[in-house]
file upload-v3.txt (compact mmCIF, C-alpha atoms)
# COMPACT_ATOMS: atom_id res chain seq x y z
CA MET A 342 171.22 114.31 148.61
CA THR A 343 173.91 114.83 146.02
CA ASP A 344 173.96 112.93 142.74
CA ASP A 345 176.88 110.84 143.98
CA GLU A 346 175.06 109.91 147.16
CA LEU A 347 172.01 108.90 145.16
CA ARG A 348 174.20 106.82 142.86
CA HIS A 349 175.85 104.98 145.72
CA ALA A 350 172.56 104.32 147.45
CA TYR A 351 171.16 102.96 144.21
CA ALA A 352 174.24 100.78 143.62
CA THR A 353 173.87 99.38 147.13
CA HIS A 354 170.21 98.75 146.45
CA LEU A 355 171.08 96.75 143.32
CA ALA A 356 173.84 94.84 145.05
CA ASP A 357 171.57 93.97 147.98
CA ARG A 358 169.05 92.34 145.73
CA ALA A 359 169.90 88.66 145.52
CA LEU A 360 169.83 87.15 142.08
CA PRO A 361 166.26 85.91 141.80
CA GLY A 362 167.08 83.77 138.77
CA ARG A 363 167.03 85.13 135.29
CA ALA A 364 163.50 84.14 134.32
CA ARG A 365 162.27 87.72 134.42
CA CYS A 366 165.36 89.20 132.86
CA ALA A 367 165.50 90.88 129.47
CA SER A 368 166.27 88.39 126.73
CA PRO A 369 169.73 88.56 125.15
CA GLU A 370 168.05 89.40 121.85
CA ALA A 371 166.24 92.35 123.44
CA LEU A 372 169.57 93.61 124.77
CA VAL A 373 171.07 93.40 121.28
CA ALA A 374 168.09 95.32 119.89
CA LEU A 375 168.72 97.97 122.53
CA VAL A 376 172.38 98.50 121.66
CA GLU A 377 171.61 98.45 117.93
CA ARG A 378 168.62 100.75 118.42
CA ARG A 379 166.28 98.33 116.72
CA GLY A 380 162.60 98.01 117.50
CA SER A 381 160.23 100.48 119.10
CA GLU A 382 161.42 103.01 121.62
CA VAL A 383 158.82 101.73 124.07
CA ASP A 384 160.30 98.25 123.93
CA ARG A 385 163.87 99.53 124.16
CA LEU A 386 163.03 101.68 127.18
CA ALA A 387 161.38 98.72 128.89
CA THR A 388 164.50 96.64 128.26
CA LEU A 389 166.74 99.42 129.52
CA ASP A 390 164.54 99.93 132.58
CA HIS A 391 165.12 96.33 133.57
CA ALA A 392 168.77 96.15 132.51
CA THR A 393 169.66 99.10 134.71
CA SER A 394 167.81 97.68 137.69
CA CYS A 395 169.42 94.25 137.45
CA GLU A 396 173.18 93.98 137.86
CA ALA A 397 173.37 90.72 135.93
CA CYS A 398 171.56 92.23 132.93
CA ARG A 399 173.65 95.38 133.15
CA ARG A 400 176.75 93.25 132.80
CA ASP A 401 175.25 91.49 129.77
CA LEU A 402 174.37 94.88 128.31
CA GLU A 403 177.92 96.14 128.82
CA LEU A 404 179.36 93.18 126.94
CA LEU A 405 177.09 93.86 123.98
CA ARG A 406 177.79 97.59 124.14
CA ALA A 407 181.51 96.92 124.01
CA VAL A 408 181.07 94.81 120.87
CA HIS A 409 178.81 97.40 119.31
CA ARG A 410 181.13 100.32 120.01
CA ALA A 411 184.10 98.36 118.74
CA GLY A 412 182.14 97.52 115.60
CA GLU A 413 181.28 101.14 114.96
CA THR A 414 184.86 102.26 115.51
CA SER A 415 186.21 99.44 113.37
CA ALA A 416 183.98 100.39 110.44
CA SER A 417 184.87 104.04 110.84
CA ARG A 418 188.59 103.29 110.79
CA LEU A 419 188.25 101.04 107.79
CA ALA A 420 186.67 103.95 105.96
CA LEU A 421 189.45 106.24 107.09
CA ARG A 422 192.14 103.86 105.89
CA TRP A 423 190.51 103.80 102.48
CA GLY A 424 190.47 107.53 102.61
CA SER A 425 194.23 107.51 103.18
CA TRP A 426 194.68 106.13 99.69
CA VAL A 427 193.76 109.56 98.29
CA PRO A 428 196.98 110.65 96.64
CA GLY A 429 196.46 114.38 96.29
CA PRO A 430 194.60 117.17 94.56
CA ARG A 431 195.74 116.27 91.04
CA VAL A 432 193.75 113.10 90.99
CA ARG A 433 190.55 114.35 92.51
CA LEU A 434 188.41 112.15 90.32
CA ALA A 435 190.09 109.02 91.59
CA ALA A 436 189.95 110.38 95.11
CA ALA A 437 186.23 110.94 94.81
CA ALA A 438 185.72 107.38 93.69
CA VAL A 439 187.71 106.06 96.63
CA LEU A 440 185.78 108.19 99.07
CA VAL A 441 182.48 106.96 97.67
CA ILE A 442 183.66 103.43 98.39
CA ALA A 443 184.73 104.49 101.86
CA ILE A 444 181.34 106.02 102.55
CA GLY A 445 179.75 102.84 101.29
CA SER A 446 181.75 100.86 103.80
CA VAL A 447 180.35 102.87 106.67
CA ALA A 448 176.90 102.85 105.13
CA THR A 449 177.02 99.06 104.95
CA MET A 450 177.28 98.90 108.73
CA THR A 451 174.70 101.64 109.21
CA LEU A 452 172.11 100.33 106.80
CA ARG A 453 172.21 96.88 108.33
CA ARG A 454 170.27 98.41 111.18
CA PRO A 455 166.63 98.32 110.12
CA ASP A 456 165.83 101.59 111.86
CA ALA A 457 168.66 103.51 110.25
CA VAL A 458 167.37 105.63 107.43
CA MET A 459 169.67 107.10 104.83
CA ARG A 460 167.87 109.96 103.19
CA GLY A 461 168.59 110.78 99.59
CA GLY A 462 171.68 108.61 99.25
CA PRO A 463 175.06 109.26 100.84
CA PRO A 464 175.39 111.30 104.06
CA ALA A 465 175.28 115.05 103.47
CA LEU A 466 177.96 115.84 106.00
CA ARG A 467 180.86 117.62 104.34
CA LEU A 468 184.18 118.55 105.85
CA VAL A 469 185.71 121.92 104.99
CA SER A 470 189.15 122.35 106.48
CA PRO A 471 191.93 121.50 106.98
CA ALA A 472 192.04 119.54 103.75
CA ASP A 473 195.65 119.94 102.75
CA SER A 474 198.13 121.21 105.27
CA VAL A 475 198.50 123.09 108.51
CA LEU A 476 201.59 125.11 109.36
CA THR A 477 203.37 124.51 112.63
CA GLY A 478 202.45 127.06 115.24
CA GLU A 479 198.99 127.54 113.82
CA PRO A 480 196.01 126.16 115.71
CA VAL A 481 194.48 123.12 114.09
CA THR A 482 190.86 124.09 113.69
CA LEU A 483 188.52 121.53 112.17
CA THR A 484 185.58 122.96 110.26
CA TRP A 485 182.66 121.25 108.56
CA ARG A 486 179.24 122.03 107.13
CA SER A 487 176.24 121.60 109.37
CA ALA A 488 174.02 118.60 108.73
CA PRO A 489 170.23 119.05 108.81
CA GLY A 490 168.78 117.64 111.99
CA ALA A 491 172.11 117.23 113.70
CA ASP A 492 172.10 117.45 117.45
CA ARG A 493 175.81 117.04 117.96
CA TYR A 494 178.93 116.06 116.07
CA ASP A 495 181.44 113.42 117.11
CA VAL A 496 184.87 114.32 115.78
CA GLU A 497 187.85 112.00 115.53
CA LEU A 498 191.43 112.73 114.55
CA LEU A 499 193.51 109.71 113.58
CA SER A 500 197.00 108.88 112.44
CA LEU A 501 197.32 107.25 109.03
CA THR A 502 197.67 103.92 110.81
CA GLY A 503 194.23 104.42 112.29
CA ASP A 504 195.28 105.19 115.84
CA SER A 505 192.98 107.65 117.53
CA ILE A 506 194.80 110.83 118.50
CA PHE A 507 191.95 113.02 119.59
CA SER A 508 188.18 112.77 119.72
CA ALA A 509 185.48 115.05 121.01
CA SER A 510 181.79 115.87 120.72
CA THR A 511 180.43 119.32 120.03
CA PRO A 512 177.17 120.94 118.98
CA ASP A 513 179.14 123.36 116.77
CA THR A 514 180.62 122.93 113.33
CA VAL A 515 184.05 124.13 114.39
CA LEU A 516 186.40 122.44 116.79
CA ALA A 517 189.92 123.45 117.75
CA VAL A 518 192.28 120.60 118.49
CA PRO A 519 193.64 121.33 121.97
CA ALA A 520 197.21 122.55 122.11
CA ASP A 521 198.25 119.62 124.29
CA VAL A 522 197.45 117.14 121.52
CA VAL A 523 200.86 116.31 120.06
CA LEU A 524 201.06 116.38 116.26
CA LEU A 525 204.36 115.66 114.57
CA VAL A 526 205.87 118.00 112.00
CA GLY A 527 205.62 116.26 108.64
CA GLY A 528 203.03 113.90 110.01
CA GLU A 529 199.85 113.18 108.09
CA TYR A 530 196.53 112.93 109.81
CA LEU A 531 192.97 111.98 108.99
CA TRP A 532 189.88 113.39 110.51
CA SER A 533 186.21 112.68 110.17
CA VAL A 534 182.96 113.78 111.73
CA ARG A 535 179.83 111.88 112.55
CA ALA A 536 176.63 113.89 112.91
CA MET A 537 174.25 112.45 115.48
CA LEU A 538 170.79 113.26 114.16
CA ARG A 539 167.75 113.91 116.29
CA ASP A 540 165.85 110.99 114.77
CA GLY A 541 168.44 108.60 116.15
CA THR A 542 170.32 108.01 112.91
CA HIS A 543 173.68 109.46 112.06
CA ALA A 544 175.59 110.72 109.05
CA THR A 545 179.29 110.16 108.66
CA SER A 546 181.58 112.35 106.61
CA ALA A 547 184.15 111.12 104.19
CA PRO A 548 187.54 111.61 105.86
CA LEU A 549 189.93 114.42 105.06
CA ARG A 550 193.68 114.26 105.26
CA PHE A 551 196.14 116.98 106.16
CA ARG A 552 199.85 117.25 106.80
CA LEU A 553 201.52 119.33 109.48
CA ARG A 554 204.15 121.37 107.61
CA GLN A 555 207.06 123.39 108.92
CA ARG A 556 206.37 127.10 108.71
CA MET B 758 197.57 75.38 114.51
CA GLU B 759 196.72 78.84 115.73
CA PRO B 760 193.22 79.59 114.44
CA LEU B 761 194.30 82.96 113.10
CA ASP B 762 196.75 81.31 110.68
CA ASP B 763 193.94 80.01 108.54
CA LEU B 764 192.20 83.35 108.09
CA SER B 765 192.68 85.63 105.14
CA PRO B 766 195.04 88.55 105.77
CA ALA B 767 192.18 91.04 105.49
CA LEU B 768 189.98 89.16 107.92
CA ARG B 769 192.87 88.57 110.31
CA ASP B 770 193.69 92.25 110.27
CA VAL B 771 190.10 93.22 111.03
CA LEU B 772 189.83 90.60 113.75
CA LEU B 773 193.00 91.75 115.50
CA ARG B 774 191.90 95.35 115.32
CA PHE B 775 188.42 94.45 116.47
CA ALA B 776 189.72 92.39 119.40
CA SER B 777 191.89 95.31 120.45
CA LEU B 778 188.92 97.66 120.26
CA VAL B 779 186.63 95.31 122.18
CA ARG B 780 189.21 95.08 124.96
CA SER B 781 189.73 98.81 124.98
CA VAL B 782 186.02 99.61 125.05
CA GLY B 783 185.31 96.78 127.47
CA TRP B 784 187.93 97.96 129.92
CA ARG B 785 186.56 101.47 129.79
CA HIS B 786 183.16 100.06 130.67
CA GLY B 787 184.45 97.96 133.53
CA LEU B 788 184.26 94.51 131.96
CA ALA B 789 186.58 91.91 133.45
CA ASP B 790 189.52 90.49 131.50
CA ASP B 791 188.14 86.96 131.60
CA GLU B 792 184.85 88.08 130.07
CA LEU B 793 186.65 89.84 127.25
CA ASP B 794 189.06 86.93 126.71
CA GLU B 795 186.13 84.55 126.52
CA LEU B 796 184.41 86.73 123.95
CA VAL B 797 187.47 87.25 121.76
CA GLN B 798 188.25 83.55 121.80
CA ALA B 799 184.66 82.72 120.84
CA VAL B 800 184.91 85.12 117.89
CA ARG B 801 188.22 83.56 116.78
CA VAL B 802 186.79 80.07 116.86
CA ARG B 803 183.73 81.10 114.91
CA LEU B 804 185.80 82.79 112.24
CA TRP B 805 188.13 79.83 112.04
CA ARG B 806 185.19 77.48 111.53
CA ALA B 807 183.79 79.72 108.82
CA ARG B 808 187.13 80.29 107.06
CA GLY B 809 186.97 80.33 103.30
CA SER B 810 183.21 80.15 103.33
CA GLY B 811 182.40 82.91 100.91
CA GLU B 812 183.05 86.20 99.24
CA GLN B 813 180.97 88.10 101.76
CA ILE B 814 183.61 87.54 104.43
CA ALA B 815 186.37 88.90 102.24
CA SER B 816 184.37 91.84 100.90
CA THR B 817 182.90 93.10 104.17
CA PRO B 818 185.29 91.91 106.88
CA ALA B 819 184.42 94.62 109.41
CA SER B 820 180.69 94.00 109.32
CA TYR B 821 181.23 90.25 109.18
CA VAL B 822 183.43 90.31 112.26
CA TYR B 823 180.90 92.55 114.00
CA ARG B 824 178.01 90.16 113.32
CA THR B 825 180.17 87.26 114.41
CA ALA B 826 181.11 89.06 117.62
CA ILE B 827 177.49 89.86 118.42
CA THR B 828 176.54 86.23 117.91
CA ALA B 829 179.46 85.11 120.07
CA ALA B 830 178.48 87.60 122.78
CA LEU B 831 174.94 86.24 122.75
CA ASP B 832 176.31 82.73 123.25
CA VAL B 833 178.50 83.92 126.13
CA ILE B 834 175.49 85.57 127.75
CA ARG B 835 173.28 82.53 127.27
CA ALA B 836 175.95 80.26 128.68
CA ARG B 837 176.38 82.25 131.85
CA ARG B 838 172.63 82.51 132.29
CA ASP B 839 172.45 78.74 132.12
CA HIS B 840 175.25 78.46 134.64
CA LYS B 841 173.60 77.83 137.96
CA GLU B 842 176.50 79.23 139.95
CA GLU B 843 176.43 82.63 138.36
CA ARG B 844 176.92 85.20 141.04
CA ILE B 845 177.07 88.93 141.05
CA ASP B 846 179.50 90.59 143.42
CA ALA B 847 177.96 92.63 146.21
CA MET B 848 179.50 95.70 144.63
CA PRO B 849 181.24 94.84 141.36
CA GLU B 850 184.63 96.44 140.92
CA SER B 851 183.43 97.91 137.65
CA LEU B 852 180.59 99.69 139.37
CA ALA B 853 182.74 100.79 142.28
CA ALA B 854 185.31 102.21 139.85
CA ARG B 855 182.61 103.95 137.90
CA LEU B 856 181.16 105.56 140.99
CA GLY B 857 184.37 106.50 142.76
CA ALA B 858 184.67 107.00 146.50
CA VAL B 859 181.68 106.08 148.62
CA PRO B 860 180.25 108.99 150.53
CA GLY B 861 179.01 108.35 154.02
CA PRO B 862 175.35 107.86 154.81
CA GLU B 863 173.43 111.08 155.12
CA GLY B 864 171.31 112.34 158.00
CA GLY B 865 171.88 109.35 160.19
CA VAL B 866 170.05 107.03 157.85
CA GLU B 867 171.81 103.69 157.60
CA ALA B 868 173.21 102.90 154.17
CA ALA B 869 171.13 99.78 153.69
CA GLU B 870 167.93 101.51 154.69
CA LEU B 871 168.75 104.44 152.48
CA ALA B 872 169.45 102.10 149.57
CA THR B 873 166.08 100.45 150.02
CA LEU B 874 164.32 103.81 150.13
CA VAL B 875 166.11 105.01 147.02
CA GLY B 876 165.32 101.77 145.21
CA ARG B 877 161.65 102.02 146.08
CA ALA B 878 161.49 105.68 145.13
CA VAL B 879 163.08 104.99 141.75
CA ASN B 880 160.40 102.38 141.09
CA GLU B 881 157.77 105.07 141.56
CA ILE B 882 159.24 107.44 138.97
CA THR B 883 157.13 107.88 135.86
CA PRO B 884 158.11 105.22 133.29
CA SER B 885 159.18 107.72 130.65
CA ARG B 886 161.86 109.13 132.96
CA ARG B 887 162.79 106.04 134.91
CA PRO B 888 165.16 104.23 132.49
CA VAL B 889 167.24 107.38 132.02
CA LEU B 890 167.34 107.93 135.75
CA ARG B 891 168.31 104.32 136.41
CA MET B 892 171.09 104.54 133.84
CA TYR B 893 172.43 107.75 135.37
CA LEU B 894 172.28 106.31 138.88
CA ALA B 895 174.11 103.24 137.59
CA GLY B 896 177.00 105.52 136.70
CA TYR B 897 176.48 106.36 133.03
CA ASP B 898 176.95 109.91 131.86
CA ARG B 899 174.49 111.85 129.74
CA ALA B 900 176.38 111.33 126.48
CA GLU B 901 176.33 107.55 126.96
CA ILE B 902 172.61 107.60 127.72
CA ALA B 903 171.87 109.77 124.68
CA ASP B 904 174.00 107.54 122.48
CA LEU B 905 172.36 104.32 123.62
CA LEU B 906 168.85 105.65 123.17
CA GLY B 907 169.53 107.72 120.08
CA TRP B 908 168.24 110.81 121.80
CA SER B 909 169.41 114.37 121.58
CA GLU B 910 171.51 115.71 124.42
CA GLY B 911 168.70 118.15 125.24
CA LYS B 912 166.03 115.51 125.49
CA THR B 913 168.25 113.31 127.62
CA ARG B 914 169.18 116.16 129.93
CA ASN B 915 165.57 117.24 130.29
CA LEU B 916 164.27 113.79 131.18
CA LEU B 917 167.16 113.14 133.50
CA TYR B 918 166.79 116.38 135.41
CA ARG B 919 163.08 115.83 135.77
CA GLY B 920 163.68 112.29 136.95
CA LEU B 921 166.24 113.44 139.51
CA ALA B 922 163.89 116.16 140.71
CA ASP B 923 161.09 113.61 141.08
CA LEU B 924 163.39 111.28 142.98
CA ARG B 925 164.55 113.98 145.36
CA ALA B 926 160.95 115.08 145.92
CA LEU B 927 159.93 111.52 146.76
CA LEU B 928 162.86 111.12 149.14
CA THR B 929 162.23 114.48 150.76
CA ALA B 930 158.62 113.47 151.35
CA ARG B 931 160.00 110.46 153.21
CA GLY B 932 162.31 112.51 155.34
CA ILE B 933 165.48 112.07 153.31
CA GLY B 934 167.05 115.40 152.55
CA PRO B 935 167.32 118.30 152.36
CA GLU B 936 168.34 118.38 148.72
CA VAL B 937 171.87 119.34 147.91
CA SER B 938 172.38 119.22 144.18
CA THR B 939 175.83 118.83 142.67
call {"tool": "encode", "arguments": {"input": "upload-v3.txt", "output": "structure tokens"}}
result
Amino acid sequence: MTDDELRHAYATHLADRALPGRARCASPEALVALVERRGSEVDRLATLDHATSCEACRRDLELLRAVHRAGETSASRLALRWGSWVPGPRVRLAAAAVLVIAIGSVATMTLRRPDAVMRGGPPALRLVSPADSVLTGEPVTLTWRSAPGADRYDVELLSLTGDSIFSASTPDTVLAVPADVVLLVGGEYLWSVRAMLRDGTHATSAPLRFRLRQR
Amino acid sequence: MEPLDDLSPALRDVLLRFASLVRSVGWRHGLADDELDELVQAVRVRLWRARGSGEQIASTPASYVYRTAITAALDVIRARRDHKEERIDAMPESLAARLGAVPGPEGGVEAAELATLVGRAVNEITPSRRPVLRMYLAGYDRAEIADLLGWSEGKTRNLLYRGLADLRALLTARGIGPEVST
């Protein structure tokens, strides 16, 4: 059987099971712990095992996942907007101070999770280029330093107003923005990278800003 | 008075952005409009009740709104669990959309019978592989599974492939097959 056939058979199986009452369902608190990756992996797997075999619990899980993902994105964009205050290379000291605050904003969300461990202070993920400008006609290639223990990197390119323009995941430390992503000449853009670490935590870079300049 | 009017500009800005994100993420994950509306309204009311209640709200609006939204979501979930008329559609639109077109039953086995066999076979999968397999069969992709569990892509792929292989072996042993992997 193909994967799709297995998926449909399983979906039918779930739908055919009448709601037996929710007495044996995962508690709402256990579902929150699952989406926030709190508690032991054994417990989280047991919760997930039930939630994905019970359509009612899966719906509850999706609601919490939506809130969690929105929370992560919201914190990330707040950090990026603070990063947009950086006025330029001549005031690097001030810029550094702002970025430290921005990192702190993301860290506030991250450290609220008891299982998230921040080793040795701020995240060690550092962006390389572009950090100033990109000429029209040139490919926009995002480059950053590797982070120890990183399994993959989630990259996001935003407008200064915080609208997401492009996002992707990659195991590499280089990512070319596809040619079909429209960037405006004279426009300024922010980008950041989040390293997903093998131990389940993540490290988020301070954002970098660049302008698309006419050649 | 519109509840938002009483919130600080910073908190209002975060709430509006957050509500937009929740809707966007929720739609992508197949949540219904009424569920999302109910959640966003619950968050608004909570923030309105807590307006002006401390510096923490003003200094960390994003995390405050997040915690408020999680609490509101828990209340929404508890309320619908208490609701005796809660029903789950035979095949929710969200799940149908996630899975795409329904292929026909294979090898002459009726869909319902096949579903029962698949359900039973999944229950027999080793517990370490079963949650990942269930999630995949429920329509999630590998990146979503890895993200939820905090696993590497490699670990997720490995457990999933082993789980799928186990499932196909169990089904083959029961006369469902032959295997055709996508």
call {"tool": "atom_distance", "arguments": {"input": "upload-v3.txt", "atom1": "atom CA of A:Arg554", "atom2": "atom CA of A:Pro512"}}
result
29.3 Å
call {"tool": "closest_residue", "arguments": {"input": "upload-v3.txt", "among": "A:Gly528, A:Pro548, A:Gly541, A:Pro519", "to": "chain B", "atoms": "only C-alpha atoms"}}
result
A:Gly541
call {"tool": "interface_residues", "arguments": {"input": "upload-v3.txt", "of": "chain A", "to": "chain B", "cutoff": "8 Å", "atoms": "all atoms listed in the file", "output": "mmCIF file with C-alpha atoms, in the frame of the given file"}}
result
data_model
loop_
_atom_site.group_PDB
_atom_site.id
_atom_site.type_symbol
_atom_site.label_atom_id
_atom_site.label_comp_id
_atom_site.auth_asym_id
_atom_site.auth_seq_id
_atom_site.Cartn_x
_atom_site.Cartn_y
_atom_site.Cartn_z
ATOM 1 C CA MET A 342 171.220 114.310 148.610
ATOM 2 C CA THR A 343 173.910 114.830 146.020
ATOM 3 C CA ASP A 344 173.960 112.930 142.740
ATOM 4 C CA ASP A 345 176.880 110.840 143.980
ATOM 5 C CA GLU A 346 175.060 109.910 147.160
ATOM 6 C CA LEU A 347 172.010 108.900 145.160
ATOM 7 C CA ARG A 348 174.200 106.820 142.860
ATOM 8 C CA HIS A 349 175.850 104.980 145.720
ATOM 9 C CA ALA A 350 172.560 104.320 147.450
ATOM 10 C CA TYR A 351 171.160 102.960 144.210
ATOM 11 C CA ALA A 352 174.240 100.780 143.620
ATOM 12 C CA THR A 353 173.870 99.380 147.130
ATOM 13 C CA HIS A 354 170.210 98.750 146.450
ATOM 14 C CA LEU A 355 171.080 96.750 143.320
ATOM 15 C CA ALA A 356 173.840 94.840 145.050
ATOM 16 C CA ASP A 357 171.570 93.970 147.980
ATOM 17 C CA LEU A 360 169.830 87.150 142.080
ATOM 18 C CA ARG A 363 167.030 85.130 135.290
ATOM 19 C CA PRO A 369 169.730 88.560 125.150
ATOM 20 C CA GLU A 370 168.050 89.400 121.850
ATOM 21 C CA VAL A 373 171.070 93.400 121.280
ATOM 22 C CA LEU A 375 168.720 97.970 122.530
ATOM 23 C CA VAL A 376 172.380 98.500 121.660
ATOM 24 C CA ARG A 378 168.620 100.750 118.420
ATOM 25 C CA ARG A 385 163.870 99.530 124.160
ATOM 26 C CA LEU A 386 163.030 101.680 127.180
ATOM 27 C CA ALA A 387 161.380 98.720 128.890
ATOM 28 C CA LEU A 389 166.740 99.420 129.520
ATOM 29 C CA ASP A 390 164.540 99.930 132.580
ATOM 30 C CA HIS A 391 165.120 96.330 133.570
ATOM 31 C CA THR A 393 169.660 99.100 134.710
ATOM 32 C CA SER A 394 167.810 97.680 137.690
ATOM 33 C CA GLU A 396 173.180 93.980 137.860
ATOM 34 C CA ALA A 397 173.370 90.720 135.930
ATOM 35 C CA ARG A 400 176.750 93.250 132.800
ATOM 36 C CA ASP A 401 175.250 91.490 129.770
ATOM 37 C CA GLU A 403 177.920 96.140 128.820
ATOM 38 C CA LEU A 404 179.360 93.180 126.940
ATOM 39 C CA LEU A 405 177.090 93.860 123.980
ATOM 40 C CA ALA A 407 181.510 96.920 124.010
ATOM 41 C CA VAL A 408 181.070 94.810 120.870
ATOM 42 C CA HIS A 409 178.810 97.400 119.310
ATOM 43 C CA ARG A 410 181.130 100.320 120.010
ATOM 44 C CA ALA A 411 184.100 98.360 118.740
ATOM 45 C CA GLY A 412 182.140 97.520 115.600
ATOM 46 C CA THR A 414 184.860 102.260 115.510
ATOM 47 C CA SER A 415 186.210 99.440 113.370
ATOM 48 C CA ALA A 416 183.980 100.390 110.440
ATOM 49 C CA LEU A 419 188.250 101.040 107.790
ATOM 50 C CA SER A 446 181.750 100.860 103.800
ATOM 51 C CA THR A 449 177.020 99.060 104.950
ATOM 52 C CA MET A 450 177.280 98.900 108.730
ATOM 53 C CA ASP A 492 172.100 117.450 117.450
ATOM 54 C CA ARG A 493 175.810 117.040 117.960
ATOM 55 C CA LEU A 538 170.790 113.260 114.160
ATOM 56 C CA ARG A 539 167.750 113.910 116.290
ATOM 57 C CA ASP A 540 165.850 110.990 114.770
ATOM 58 C CA GLY A 541 168.440 108.600 116.150
ATOM 59 C CA THR A 542 170.320 108.010 112.910
#
call {"tool": "atom_distance", "arguments": {"input": "upload-v3.txt", "atom1": "atom CA of A:Leu524", "atom2": "atom CA of A:Leu483"}}
result
14.2 Å
call {"tool": "residues_around", "arguments": {"input": "upload-v3.txt", "residues": "A:Val534", "least_positions_apart": "5", "cutoff": "7 Å", "atoms": "all atoms listed in the file", "output": "VMD selection string"}}
result
chain A and resid 494 to 497 545 to 546
call {"tool": "write_last_selection", "arguments": {"input": "upload-v3.txt", "atoms": "C-alpha atoms", "output": "PDB file, in the frame of the given file"}}
result
ATOM      1  CA  TYR A 494     178.930 116.060 116.070  1.00  0.00           C
ATOM      2  CA  ASP A 495     181.440 113.420 117.110  1.00  0.00           C
ATOM      3  CA  VAL A 496     184.870 114.320 115.780  1.00  0.00           C
ATOM      4  CA  GLU A 497     187.850 112.000 115.530  1.00  0.00           C
ATOM      5  CA  THR A 545     179.290 110.160 108.660  1.00  0.00           C
ATOM      6  CA  SER A 546     181.580 112.350 106.610  1.00  0.00           C
TER       7      SER A 546
END
call {"tool": "atom_distance", "arguments": {"input": "upload-v3.txt", "atom1": "atom CA of B:Gln798", "atom2": "atom CA of A:Cys366"}}
result
26.0 Å
call {"tool": "closest_residue", "arguments": {"input": "upload-v3.txt", "among": "B:Leu804, B:Ile882, B:Ala799, B:Ala922", "to": "B:Arg769", "atoms": "only C-alpha atoms"}}
result
B:Leu804
call {"tool": "residues_around", "arguments": {"input": "upload-v3.txt", "residues": "A:Tyr530", "least_positions_apart": "5", "cutoff": "7 Å", "atoms": "all atoms listed in the file", "output": "list of chain:residue names"}}
result
A:Leu498, A:Leu499, A:Ser500, A:Leu501, A:Arg550, A:Phe551, A:Arg552
call {"tool": "build_atoms", "arguments": {"input": "upload-v3.txt", "residues": "stretch 476-485 of chain A", "atoms": "N, CA, C and O atoms", "output": "PDB file, in the frame of the given file"}}
result
ATOM      1  N   LEU A 476     200.227 124.715 109.037  1.00  0.00           N
ATOM      2  CA  LEU A 476     201.590 125.110 109.360  1.00  0.00           C
ATOM      3  C   LEU A 476     201.827 124.984 110.863  1.00  0.00           C
ATOM      4  O   LEU A 476     200.912 125.204 111.670  1.00  0.00           O
ATOM      5  N   THR A 477     203.035 124.619 111.210  1.00  0.00           N
ATOM      6  CA  THR A 477     203.370 124.510 112.630  1.00  0.00           C
ATOM      7  C   THR A 477     203.149 125.871 113.301  1.00  0.00           C
ATOM      8  O   THR A 477     203.392 126.926 112.703  1.00  0.00           O
ATOM      9  N   GLY A 478     202.701 125.836 114.501  1.00  0.00           N
ATOM     10  CA  GLY A 478     202.450 127.060 115.240  1.00  0.00           C
ATOM     11  C   GLY A 478     201.044 127.586 115.067  1.00  0.00           C
ATOM     12  O   GLY A 478     200.584 128.418 115.854  1.00  0.00           O
ATOM     13  N   GLU A 479     200.371 127.122 114.030  1.00  0.00           N
ATOM     14  CA  GLU A 479     198.990 127.540 113.820  1.00  0.00           C
ATOM     15  C   GLU A 479     198.059 126.582 114.571  1.00  0.00           C
ATOM     16  O   GLU A 479     198.344 125.384 114.651  1.00  0.00           O
ATOM     17  N   PRO A 480     196.957 127.091 115.084  1.00  0.00           N
ATOM     18  CA  PRO A 480     196.010 126.160 115.710  1.00  0.00           C
ATOM     19  C   PRO A 480     195.379 125.267 114.645  1.00  0.00           C
ATOM     20  O   PRO A 480     195.154 125.698 113.509  1.00  0.00           O
ATOM     21  N   VAL A 481     195.166 124.040 115.006  1.00  0.00           N
ATOM     22  CA  VAL A 481     194.480 123.120 114.090  1.00  0.00           C
ATOM     23  C   VAL A 481     192.989 123.211 114.387  1.00  0.00           C
ATOM     24  O   VAL A 481     192.519 122.736 115.419  1.00  0.00           O
ATOM     25  N   THR A 482     192.289 123.866 113.489  1.00  0.00           N
ATOM     26  CA  THR A 482     190.860 124.090 113.690  1.00  0.00           C
ATOM     27  C   THR A 482     190.090 123.307 112.634  1.00  0.00           C
ATOM     28  O   THR A 482     190.247 123.549 111.435  1.00  0.00           O
ATOM     29  N   LEU A 483     189.298 122.382 113.072  1.00  0.00           N
ATOM     30  CA  LEU A 483     188.520 121.530 112.170  1.00  0.00           C
ATOM     31  C   LEU A 483     187.174 122.195 111.905  1.00  0.00           C
ATOM     32  O   LEU A 483     186.484 122.625 112.839  1.00  0.00           O
ATOM     33  N   THR A 484     186.819 122.276 110.643  1.00  0.00           N
ATOM     34  CA  THR A 484     185.580 122.960 110.260  1.00  0.00           C
ATOM     35  C   THR A 484     184.804 122.090 109.280  1.00  0.00           C
ATOM     36  O   THR A 484     185.397 121.479 108.387  1.00  0.00           O
ATOM     37  N   TRP A 485     183.501 122.040 109.459  1.00  0.00           N
ATOM     38  CA  TRP A 485     182.660 121.250 108.560  1.00  0.00           C
ATOM     39  C   TRP A 485     181.311 121.918 108.410  1.00  0.00           C
ATOM     40  O   TRP A 485     180.955 122.826 109.170  1.00  0.00           O
TER      41      TRP A 485
END
